[in-house]
file upload30.cif (mmCIF, C-alpha atoms)
data_run
#
loop_
_atom_site.label_atom_id
_atom_site.label_comp_id
_atom_site.auth_asym_id
_atom_site.auth_seq_id
_atom_site.Cartn_x
_atom_site.Cartn_y
_atom_site.Cartn_z
CA MET U 49 -0.65 -21.26 -50.08
CA ASN U 50 -1.55 -24.71 -48.87
CA ARG U 51 -4.67 -25.66 -46.96
CA THR U 52 -3.05 -25.55 -43.54
CA MET U 53 -1.92 -22.02 -44.19
CA HIS U 54 -5.47 -21.08 -45.17
CA ARG U 55 -6.76 -22.54 -41.96
CA ILE U 56 -4.39 -20.74 -39.62
CA MET U 57 -4.39 -17.46 -41.53
CA PRO U 58 -7.17 -15.82 -39.47
CA ALA U 59 -5.34 -16.68 -36.26
CA LEU U 60 -2.11 -15.24 -37.65
CA VAL U 61 -3.85 -12.02 -38.66
CA LEU U 62 -5.49 -11.66 -35.24
CA GLY U 63 -2.20 -12.39 -33.53
CA ALA U 64 -0.40 -9.76 -35.57
CA LEU U 65 -3.12 -7.23 -34.75
CA ALA U 66 -2.86 -8.04 -31.06
CA LEU U 67 0.91 -7.59 -31.10
CA GLY U 68 0.59 -4.26 -32.88
CA GLN U 69 -1.47 -2.93 -30.00
CA PRO U 70 0.52 -1.72 -27.04
CA LEU U 71 -0.18 -3.99 -24.08
CA SER U 72 -0.81 -0.96 -21.94
CA ALA U 73 -3.93 0.26 -23.74
CA ASP U 74 -5.92 2.00 -21.02
CA PRO U 75 -7.01 5.63 -21.35
CA ALA U 76 -6.24 6.51 -17.73
CA ARG U 77 -2.75 5.00 -17.89
CA ASP U 78 -2.05 6.62 -21.25
CA ALA U 79 -3.06 9.98 -19.79
CA ILE U 80 -0.57 9.55 -16.93
CA ILE U 81 2.23 8.65 -19.35
CA ASN U 82 1.34 11.52 -21.70
CA GLN U 83 1.41 13.96 -18.80
CA LEU U 84 4.91 12.73 -17.93
CA LYS U 85 5.98 13.16 -21.57
CA ALA U 86 4.86 16.77 -21.43
CA GLU U 87 6.71 17.32 -18.13
CA ALA U 88 9.89 15.69 -19.43
CA GLY U 89 9.62 17.41 -22.82
CA VAL U 90 10.04 14.16 -24.73
CA SER U 91 7.93 12.32 -27.29
CA SER U 92 8.64 8.79 -26.08
CA PHE U 93 10.07 6.84 -23.16
CA SER U 94 12.42 3.87 -23.09
CA ALA U 95 11.31 0.52 -21.67
CA GLU U 96 14.97 -0.56 -21.67
CA ARG U 97 16.04 2.40 -19.52
CA GLY U 98 13.05 1.69 -17.27
CA LYS U 99 14.20 -1.90 -16.89
CA GLN U 100 17.71 -0.83 -15.87
CA PHE U 101 16.27 1.70 -13.42
CA PHE U 102 14.00 -0.93 -11.84
CA HIS U 103 16.76 -3.46 -11.30
CA ALA U 104 19.63 -1.11 -10.42
CA ARG U 105 20.99 -0.79 -6.91
CA HIS U 106 20.61 2.90 -6.14
CA SER U 107 22.40 4.90 -3.52
CA GLY U 108 21.23 7.88 -1.52
CA GLY U 109 18.07 6.26 -0.22
CA LYS U 110 17.34 4.32 2.92
CA PRO U 111 19.65 1.35 3.50
CA GLN U 112 16.70 -1.06 3.84
CA THR U 113 15.52 -0.41 0.27
CA PRO U 114 18.40 -0.10 -2.23
CA SER U 115 16.33 -1.15 -5.26
CA CYS U 116 12.78 -1.41 -6.62
CA ALA U 117 13.45 -5.14 -6.75
CA THR U 118 14.00 -5.24 -2.97
CA CYS U 119 10.24 -5.41 -2.45
CA HIS U 120 8.89 -6.04 -5.97
CA THR U 121 11.34 -8.93 -6.64
CA SER U 122 13.62 -9.19 -9.68
CA ASP U 123 10.67 -10.22 -11.85
CA PRO U 124 7.92 -7.58 -11.66
CA ARG U 125 5.46 -10.08 -13.12
CA ASN U 126 5.56 -11.81 -9.74
CA SER U 127 3.97 -10.67 -6.50
CA GLY U 128 6.30 -8.82 -4.18
CA GLN U 129 6.47 -8.57 -0.42
CA THR U 130 6.72 -5.59 1.91
CA ARG U 131 9.35 -5.68 4.64
CA VAL U 132 6.77 -6.93 7.13
CA GLY U 133 5.54 -9.69 4.88
CA LYS U 134 2.48 -8.19 3.20
CA VAL U 135 1.92 -9.29 -0.39
CA ILE U 136 2.35 -6.62 -3.08
CA GLU U 137 0.38 -7.32 -6.23
CA PRO U 138 2.50 -7.68 -9.39
CA MET U 139 3.76 -4.44 -10.92
CA ALA U 140 3.59 -5.68 -14.52
CA VAL U 141 0.42 -4.48 -16.23
CA SER U 142 0.16 -7.81 -18.06
CA ARG U 143 -0.40 -9.51 -14.69
CA ASN U 144 -2.28 -6.69 -12.99
CA PRO U 145 -4.31 -4.61 -15.47
CA SER U 146 -5.42 -1.99 -12.93
CA ARG U 147 -1.79 -0.87 -12.34
CA PHE U 148 -1.00 2.81 -13.01
CA THR U 149 -4.59 3.87 -13.75
CA ASP U 150 -5.13 6.08 -10.66
CA PRO U 151 -3.02 9.26 -10.95
CA LYS U 152 -3.20 10.06 -7.22
CA LYS U 153 -2.02 6.59 -6.28
CA VAL U 154 0.79 6.69 -8.85
CA ALA U 155 1.96 10.10 -7.57
CA LYS U 156 1.85 8.94 -3.95
CA TRP U 157 3.92 5.82 -4.51
CA PHE U 158 6.48 7.53 -6.76
CA ARG U 159 6.95 10.20 -4.08
CA ARG U 160 7.36 7.67 -1.27
CA ASN U 161 9.38 5.01 -3.03
CA CYS U 162 11.71 7.34 -4.93
CA ARG U 163 12.60 8.94 -1.60
CA SER U 164 13.00 5.54 0.06
CA VAL U 165 15.13 4.04 -2.72
CA LEU U 166 16.96 7.05 -4.21
CA GLY U 167 16.66 9.59 -1.44
CA ARG U 168 15.05 12.10 -3.81
CA GLU U 169 12.06 12.61 -6.09
CA CYS U 170 12.28 10.86 -9.46
CA SER U 171 12.42 12.88 -12.66
CA ALA U 172 9.53 12.79 -15.13
CA ARG U 173 11.73 10.83 -17.51
CA GLU U 174 12.59 8.22 -14.89
CA LYS U 175 8.91 7.82 -14.05
CA GLY U 176 7.93 7.57 -17.71
CA ASP U 177 10.62 4.98 -18.47
CA PHE U 178 9.56 2.97 -15.41
CA LEU U 179 5.88 2.98 -16.39
CA THR U 180 6.72 2.13 -19.99
CA TYR U 181 8.81 -0.87 -18.92
CA LEU U 182 6.11 -2.22 -16.63
CA SER U 183 3.31 -1.55 -19.12
CA ASN U 184 4.95 -3.60 -21.86
CA LEU U 185 6.40 -6.47 -19.89
CA MET K 6 -52.17 14.21 -13.88
CA GLN K 7 -52.56 12.53 -10.49
CA LYS K 8 -51.47 9.32 -12.11
CA LEU K 9 -48.13 10.96 -12.85
CA ILE K 10 -47.59 12.83 -9.60
CA PHE K 11 -47.87 9.83 -7.31
CA PRO K 12 -45.12 7.74 -8.93
CA ALA K 13 -42.93 10.82 -9.16
CA LEU K 14 -43.32 11.54 -5.44
CA LEU K 15 -42.79 7.91 -4.60
CA SER K 16 -39.53 7.72 -6.51
CA LEU K 17 -38.36 10.98 -4.91
CA LEU K 18 -39.10 9.52 -1.48
CA ALA K 19 -37.28 6.31 -2.35
CA ALA K 20 -34.26 8.25 -3.58
CA THR K 21 -34.13 10.22 -0.32
CA ILE K 22 -34.37 7.13 1.85
CA LEU K 23 -31.97 5.00 -0.16
CA GLN K 24 -29.27 7.66 -0.45
CA PRO K 25 -26.31 6.60 1.68
CA ALA K 26 -25.81 8.86 4.67
CA PRO K 27 -22.64 10.97 4.39
CA ALA K 28 -19.79 9.30 6.26
CA SER K 29 -19.13 10.79 9.69
CA ALA K 30 -15.69 12.22 10.45
CA ALA K 31 -14.97 9.22 12.67
CA GLU K 32 -15.92 6.80 9.91
CA THR K 33 -13.83 8.70 7.33
CA GLY K 34 -10.86 8.60 9.69
CA LYS K 35 -11.25 4.88 10.31
CA GLN K 36 -11.48 4.14 6.60
CA ALA K 37 -8.43 6.29 5.81
CA PHE K 38 -6.49 4.64 8.64
CA GLU K 39 -7.34 1.14 7.45
CA SER K 40 -6.74 1.64 3.74
CA GLU K 41 -3.53 3.69 4.06
CA CYS K 42 -1.81 1.80 6.87
CA SER K 43 -2.72 -1.65 5.61
CA ALA K 44 -1.12 -0.97 2.23
CA CYS K 45 2.21 -2.08 3.73
CA HIS K 46 1.40 -3.83 7.01
CA LEU K 47 -1.44 -4.87 9.23
CA ALA K 48 -3.20 -1.67 10.31
CA TYR K 49 -2.05 -2.08 13.91
CA ASP K 50 -4.86 -1.26 16.30
CA PRO K 51 -4.39 2.31 17.64
CA GLY K 52 -5.29 0.90 21.05
CA PHE K 53 -1.85 -0.72 21.42
CA LEU K 54 0.06 2.56 21.81
CA PRO K 55 -0.52 5.77 23.80
CA GLN K 56 -1.35 9.09 22.15
CA ARG K 57 2.21 10.43 22.55
CA SER K 58 3.48 7.50 20.48
CA TRP K 59 0.98 8.07 17.69
CA ARG K 60 1.82 11.78 17.59
CA ALA K 61 5.49 10.90 17.15
CA ILE K 62 4.80 8.24 14.49
CA LEU K 63 2.39 10.36 12.46
CA GLY K 64 4.69 13.36 12.84
CA ASP K 65 7.52 11.58 11.04
CA LEU K 66 5.94 9.48 8.31
CA PRO K 67 8.65 10.37 5.75
CA ASN K 68 10.99 8.33 8.00
CA HIS K 69 8.74 5.45 8.94
CA PHE K 70 10.86 2.50 10.14
CA GLY K 71 13.19 2.76 7.18
CA GLU K 72 10.70 3.83 4.53
CA ASP K 73 9.00 6.97 3.33
CA ALA K 74 5.31 6.61 4.17
CA SER K 75 4.39 10.27 3.68
CA LEU K 76 0.74 11.21 3.22
CA ASP K 77 -1.06 14.26 1.93
CA GLU K 78 -2.05 16.68 4.69
CA ALA K 79 -5.81 16.02 4.49
CA THR K 80 -5.48 12.24 4.80
CA LEU K 81 -2.95 12.63 7.58
CA LYS K 82 -5.36 14.79 9.61
CA GLN K 83 -8.19 12.26 9.16
CA ILE K 84 -5.99 9.42 10.33
CA GLU K 85 -4.58 11.40 13.23
CA SER K 86 -8.00 12.22 14.66
CA TYR K 87 -9.10 8.58 14.45
CA VAL K 88 -5.90 7.23 15.97
CA LEU K 89 -5.76 9.72 18.86
CA ALA K 90 -9.40 9.07 19.72
CA ASN K 91 -8.70 5.34 19.88
CA ALA K 92 -5.21 5.32 21.40
CA ALA K 93 -4.48 3.12 24.41
CA ASP K 94 -4.71 6.01 26.87
CA ALA K 95 -7.58 7.89 25.20
CA ASN K 96 -10.40 8.87 27.57
CA GLY K 97 -8.23 8.20 30.62
CA ARG K 98 -7.83 4.49 29.90
CA ASN K 99 -4.80 2.66 31.29
CA PRO K 100 -4.71 -0.89 29.92
CA TYR K 101 -2.21 -3.43 31.21
CA TRP K 102 -0.06 -3.23 28.07
CA LEU K 103 0.88 0.34 29.01
CA ARG K 104 2.27 -0.70 32.41
CA ARG K 105 5.97 -0.29 33.14
CA ILE K 106 6.35 2.36 30.41
CA PRO K 107 7.85 5.47 32.03
CA ALA K 108 5.79 8.60 31.35
CA ASP K 109 8.73 10.31 29.65
CA LYS K 110 9.31 7.41 27.22
CA VAL K 111 7.67 7.45 23.81
CA PRO K 112 7.54 3.88 22.48
CA LEU K 113 7.43 3.84 18.69
CA ARG K 114 6.93 0.12 18.29
CA ILE K 115 4.31 -2.16 19.80
CA THR K 116 7.04 -4.79 19.81
CA GLU K 117 9.13 -2.80 22.31
CA LEU K 118 6.45 -2.67 25.02
CA PRO K 119 7.41 -4.74 28.12
CA TRP K 120 4.09 -6.54 27.85
CA PHE K 121 4.87 -7.57 24.25
CA TRP K 122 8.28 -8.88 25.32
CA ASN K 123 6.64 -11.04 27.95
CA GLU K 124 4.34 -12.55 25.36
CA HIS K 125 6.94 -12.90 22.58
CA GLY K 126 10.45 -13.66 23.82
CA ASN K 127 13.81 -13.86 22.10
CA ARG K 128 13.29 -17.36 20.75
CA LEU K 129 10.02 -16.46 19.06
CA ARG K 130 11.55 -13.30 17.59
CA ALA K 131 14.48 -15.24 16.18
CA TRP K 132 12.12 -17.82 14.74
CA ALA K 133 10.00 -15.11 13.05
CA ARG K 134 13.08 -13.53 11.47
CA SER K 135 14.35 -16.87 10.20
CA LYS K 136 11.10 -17.75 8.41
CA LYS K 137 10.94 -16.01 5.05
CA ALA K 138 7.13 -16.17 4.96
CA VAL K 139 6.97 -14.44 8.34
CA GLY K 140 9.80 -11.93 8.00
CA SER K 141 9.59 -10.33 11.43
CA ILE K 142 7.78 -10.37 14.74
CA SER K 143 5.79 -7.37 13.43
CA ASN K 144 3.89 -9.63 11.04
CA CYS K 145 1.07 -10.45 13.48
CA GLU K 146 -1.09 -12.23 10.94
CA ALA K 147 1.55 -14.87 10.23
CA CYS K 148 0.48 -16.52 13.50
CA HIS K 149 -2.61 -14.65 14.70
CA ARG K 150 -4.89 -15.32 11.75
CA GLY K 151 -7.60 -13.06 13.14
CA ALA K 152 -5.27 -10.11 13.73
CA GLY K 153 -6.81 -8.17 10.85
CA ARG K 154 -10.10 -8.27 12.74
CA GLY K 155 -8.49 -7.38 16.06
CA ARG K 156 -8.44 -10.99 17.35
CA PHE K 157 -5.27 -12.15 19.06
CA GLU K 158 -6.59 -14.68 21.56
CA ASP K 159 -5.73 -17.70 19.44
CA ASP K 160 -2.31 -18.61 20.80
#
call {"tool": "encode", "arguments": {"input": "upload30.cif", "output": "structure tokens"}}
result
Amino acid sequence: MNRTMHRIMPALVLGALALGQPLSADPARDAIINQLKAEAGVSSFSAERGKQFFHARHSGGKPQTPSCATCHTSDPRNSGQTRVGKVIEPMAVSRNPSRFTDPKKVAKWFRRNCRSVLGRECSAREKGDFLTYLSNL
Amino acid sequence: MQKLIFPALLSLLAATILQPAPASAAETGKQAFESECSACHLAYDPGFLPQRSWRAILGDLPNHFGEDASLDEATLKQIESYVLANAADANGRNPYWLRRIPADKVPLRITELPWFWNEHGNRLRAWARSKKAVGSISNCEACHRGAGRGRFEDD
């Protein structure tokens, strides 16, 4: 190992450690996701499925809101906008660390927005995939 | 012993005085109204619509202008009592913005009141729709910067 390598080694080690940690580390958020795992009877969720769900155009809901992206934009790291112009803070946990840490708030918005967008309640697996996508973005 | 009792009593007294008074029902209702309604839009002042309008709006929150805005029963009751107590026609009031609304009509939008039309005509509505940052004529704060504090006299 040359001298440069020696110098940057600590940074590399720290970086590797940081990457190993899930971005979503927050006990309250983990509890919400674990509860959904129990409800869905699965041991893990899929960020990829969550991504597809977020961006898909759904049918069955209200015509004004065919997709999550309608209000939250196609990049959930950005701020969104409600239909009357109010700013919605970013959905991505990396940009908004307090996201998905209040179980009552999470339940309220899943109930409302799943009905608005899909015309029905979301399944535990859909919710878990959605939260996993946005927690690791 | 006395040396100990006095500070103990003093701190007890301080704790009693400094404890925040429990919020009154009216205050709880106001807070619930403001935090819940302003999540999506300006918490429109209840004083713009009559009680019959608010009953209809709060009675159908799962179909709220194209979105599901449903609330849990307890929060809904808190908001309802605040809104009805402060509606345009509460306590026998009859402000000018309720004129020319037939008694059997239940306006669901402030923007459909004849008074509102007089103040904001077709051209202004079209302009509001065309501006992405404004979105619609319902976005009061886009022009009335003090709307969140109930101030509209800035036009």
call {"tool": "resolve_selection", "arguments": {"input": "upload30.cif", "expression": "the PyMOL selection byres ((chain U) within 8 of (chain K))", "output": "list in words"}}
result
Lys110, Pro111, Gln112, Thr113, Thr130, Arg131, Val132, Gly133, Lys134, Lys156, Arg160, Asn161, Arg163 and Ser164 of chain U
call {"tool": "closest_residue", "arguments": {"input": "upload30.cif", "among": "K:Arg130, K:Ala30, K:Arg60, K:Leu54", "to": "K:Ile106", "atoms": "only C-alpha atoms"}}
result
K:Leu54
call {"tool": "resolve_selection", "arguments": {"input": "upload30.cif", "expression": "the PyMOL selection byres ((chain K and resi 119) around 9)", "output": "list in words"}}
result
Trp102, Leu103, Arg104, Arg105, Ile106, Thr116, Glu117, Leu118, Trp120, Phe121, Trp122, Asn123 and Glu124 of chain K
call {"tool": "atom_distance", "arguments": {"input": "upload30.cif", "atom1": "atom CA of U:Gly109", "atom2": "atom CA of U:Val165"}}
result
4.5 Å
call {"tool": "atom_distance", "arguments": {"input": "upload30.cif", "atom1": "atom CA of U:Asn126", "atom2": "atom CA of U:Gly98"}}
result
17.2 Å
call {"tool": "residues_near_point", "arguments": {"input": "upload30.cif", "point": "(4.7, -8.6, -9.0)", "cutoff": "10 Å", "atoms": "all atoms listed in the file", "output": "CSV table (one decimal) with C-alpha atoms, keeping the file's coordinate frame"}}
result
chain,number,residue,atom,x,y,z
U,117,ALA,CA,13.4,-5.1,-6.8
U,119,CYS,CA,10.2,-5.4,-2.4
U,120,HIS,CA,8.9,-6.0,-6.0
U,121,THR,CA,11.3,-8.9,-6.6
U,122,SER,CA,13.6,-9.2,-9.7
U,123,ASP,CA,10.7,-10.2,-11.8
U,124,PRO,CA,7.9,-7.6,-11.7
U,125,ARG,CA,5.5,-10.1,-13.1
U,126,ASN,CA,5.6,-11.8,-9.7
U,127,SER,CA,4.0,-10.7,-6.5
U,128,GLY,CA,6.3,-8.8,-4.2
U,129,GLN,CA,6.5,-8.6,-0.4
U,135,VAL,CA,1.9,-9.3,-0.4
U,136,ILE,CA,2.4,-6.6,-3.1
U,137,GLU,CA,0.4,-7.3,-6.2
U,138,PRO,CA,2.5,-7.7,-9.4
U,139,MET,CA,3.8,-4.4,-10.9
U,140,ALA,CA,3.6,-5.7,-14.5
U,141,VAL,CA,0.4,-4.5,-16.2
U,143,ARG,CA,-0.4,-9.5,-14.7
U,144,ASN,CA,-2.3,-6.7,-13.0
call {"tool": "residues_near_point", "arguments": {"input": "upload30.cif", "point": "(20.7, 1.2, -6.0)", "cutoff": "10 Å", "atoms": "only C-alpha atoms", "output": "short mmCIF file (atom, residue, chain, number, x, y, z; two decimals) with C-alpha atoms, in the frame of the given file"}}
result
data_model
loop_
_atom_site.label_atom_id
_atom_site.label_comp_id
_atom_site.auth_asym_id
_atom_site.auth_seq_id
_atom_site.Cartn_x
_atom_site.Cartn_y
_atom_site.Cartn_z
CA PHE U 101 16.27 1.70 -13.42
CA PHE U 102 14.00 -0.93 -11.84
CA HIS U 103 16.76 -3.46 -11.30
CA ALA U 104 19.63 -1.11 -10.42
CA ARG U 105 20.99 -0.79 -6.91
CA HIS U 106 20.61 2.90 -6.14
CA SER U 107 22.40 4.90 -3.52
CA GLY U 108 21.23 7.88 -1.52
CA GLY U 109 18.07 6.26 -0.22
CA PRO U 111 19.65 1.35 3.50
CA THR U 113 15.52 -0.41 0.27
CA PRO U 114 18.40 -0.10 -2.23
CA SER U 115 16.33 -1.15 -5.26
CA CYS U 116 12.78 -1.41 -6.62
CA ALA U 117 13.45 -5.14 -6.75
CA THR U 118 14.00 -5.24 -2.97
CA VAL U 165 15.13 4.04 -2.72
CA LEU U 166 16.96 7.05 -4.21
#
call {"tool": "atom_distance", "arguments": {"input": "upload30.cif", "atom1": "atom CA of K:Gly64", "atom2": "atom CA of K:Asn99"}}
result
23.3 Å
call {"tool": "closest_residue", "arguments": {"input": "upload30.cif", "among": "K:Ile84, K:Ala95, K:Leu113, K:Ile62", "to": "K:Thr33", "atoms": "only C-alpha atoms"}}
result
K:Ile84
call {"tool": "closest_residue", "arguments": {"input": "upload30.cif", "among": "U:Thr149, U:Ser142, U:Ser94, U:Gln83", "to": "U:Glu174", "atoms": "only C-alpha atoms"}}
result
U:Ser94
call {"tool": "resolve_selection", "arguments": {"input": "upload30.cif", "expression": "the PyMOL selection byres ((chain U and resi 90) around 12)", "output": "PyMOL selection string"}}
result
chain U and resi 81-89+91-94+172-174+176-177
